[in-house]
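A quick write-up on the structure given underneath.
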Amino acid sequence: MGELSEEKKDDTGQGVEILGPTYEPGKPDQPFRWREKLKNREHRLRYLQNAERYWYSKDWYGSEKRKTEA
């Protein structure tokens, strides 16, 4: 077993190796500045419209499409 894992028992009573936390503690050096990465107002609006469509639209696509609404 590695340093970041621990041994626990599953429902059947057998031992299972569980992976512990693998993140580095602390905060990022700089905040994510998405406005600066987009070139102009048109690109920013398109970015926001796509984000809103992802969360609020009824016409999703691909693996995100659900048979019943959430």
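Identifiers in this document derive from the order of the structure tokens: chains are assigned A, B, ..., residues are numbered from 1 separately in each chain, and ligands are numbered from 1 in order of occurrence.
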
Show me, as a PDB file with N, CA and C atoms, in the first residue's frame, the residues that have an atom within 9 Å of Glu7 (chain A) when counting only C-alpha atoms, minus same-chain residues fewer than 3 positions from it.
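After the write, out36.pdb holds the following:
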ATOM      1  N   MET A   1       0.826  -1.188   0.000  1.00  0.00           N
ATOM      2  CA  MET A   1       0.000   0.000   0.000  1.00  0.00           C
ATOM      3  C   MET A   1       0.868   1.248   0.000  1.00  0.00           C
ATOM      4  N   GLY A  15     -10.990  -6.754   2.515  1.00  0.00           N
ATOM      5  CA  GLY A  15     -10.188  -5.543   2.549  1.00  0.00           C
ATOM      6  C   GLY A  15     -10.054  -4.921   1.168  1.00  0.00           C
ATOM      7  N   VAL A  16     -10.199  -3.592   1.124  1.00  0.00           N
ATOM      8  CA  VAL A  16     -10.098  -2.855  -0.137  1.00  0.00           C
ATOM      9  C   VAL A  16      -9.168  -1.677   0.080  1.00  0.00           C
ATOM     10  N   GLU A  17      -8.302  -1.433  -0.890  1.00  0.00           N
ATOM     11  CA  GLU A  17      -7.390  -0.296  -0.804  1.00  0.00           C
ATOM     12  C   GLU A  17      -8.086   0.947  -1.349  1.00  0.00           C
ATOM     13  N   ILE A  18      -8.170   1.996  -0.546  1.00  0.00           N
ATOM     14  CA  ILE A  18      -8.838   3.239  -0.911  1.00  0.00           C
ATOM     15  C   ILE A  18      -7.786   4.323  -1.085  1.00  0.00           C
ATOM     16  N   LEU A  19      -7.881   5.068  -2.177  1.00  0.00           N
ATOM     17  CA  LEU A  19      -6.954   6.162  -2.444  1.00  0.00           C
ATOM     18  C   LEU A  19      -7.331   7.371  -1.614  1.00  0.00           C
TER      19      LEU A  19
END

Next on the checklist: Residues of region 6-49 of chain A classed as alpha helix (DSSP H) by DSSP on the backbone are to be reported as a list in words.
Outcome noted: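 Matching residues for alpha helix (DSSP H) in region 6-49 of chain A are Trp34, Arg35, Glu36, Lys37, Arg41, Glu42, His43, Arg44, Leu45, Arg46, Tyr47, Leu48 and Gln49 of chain A.
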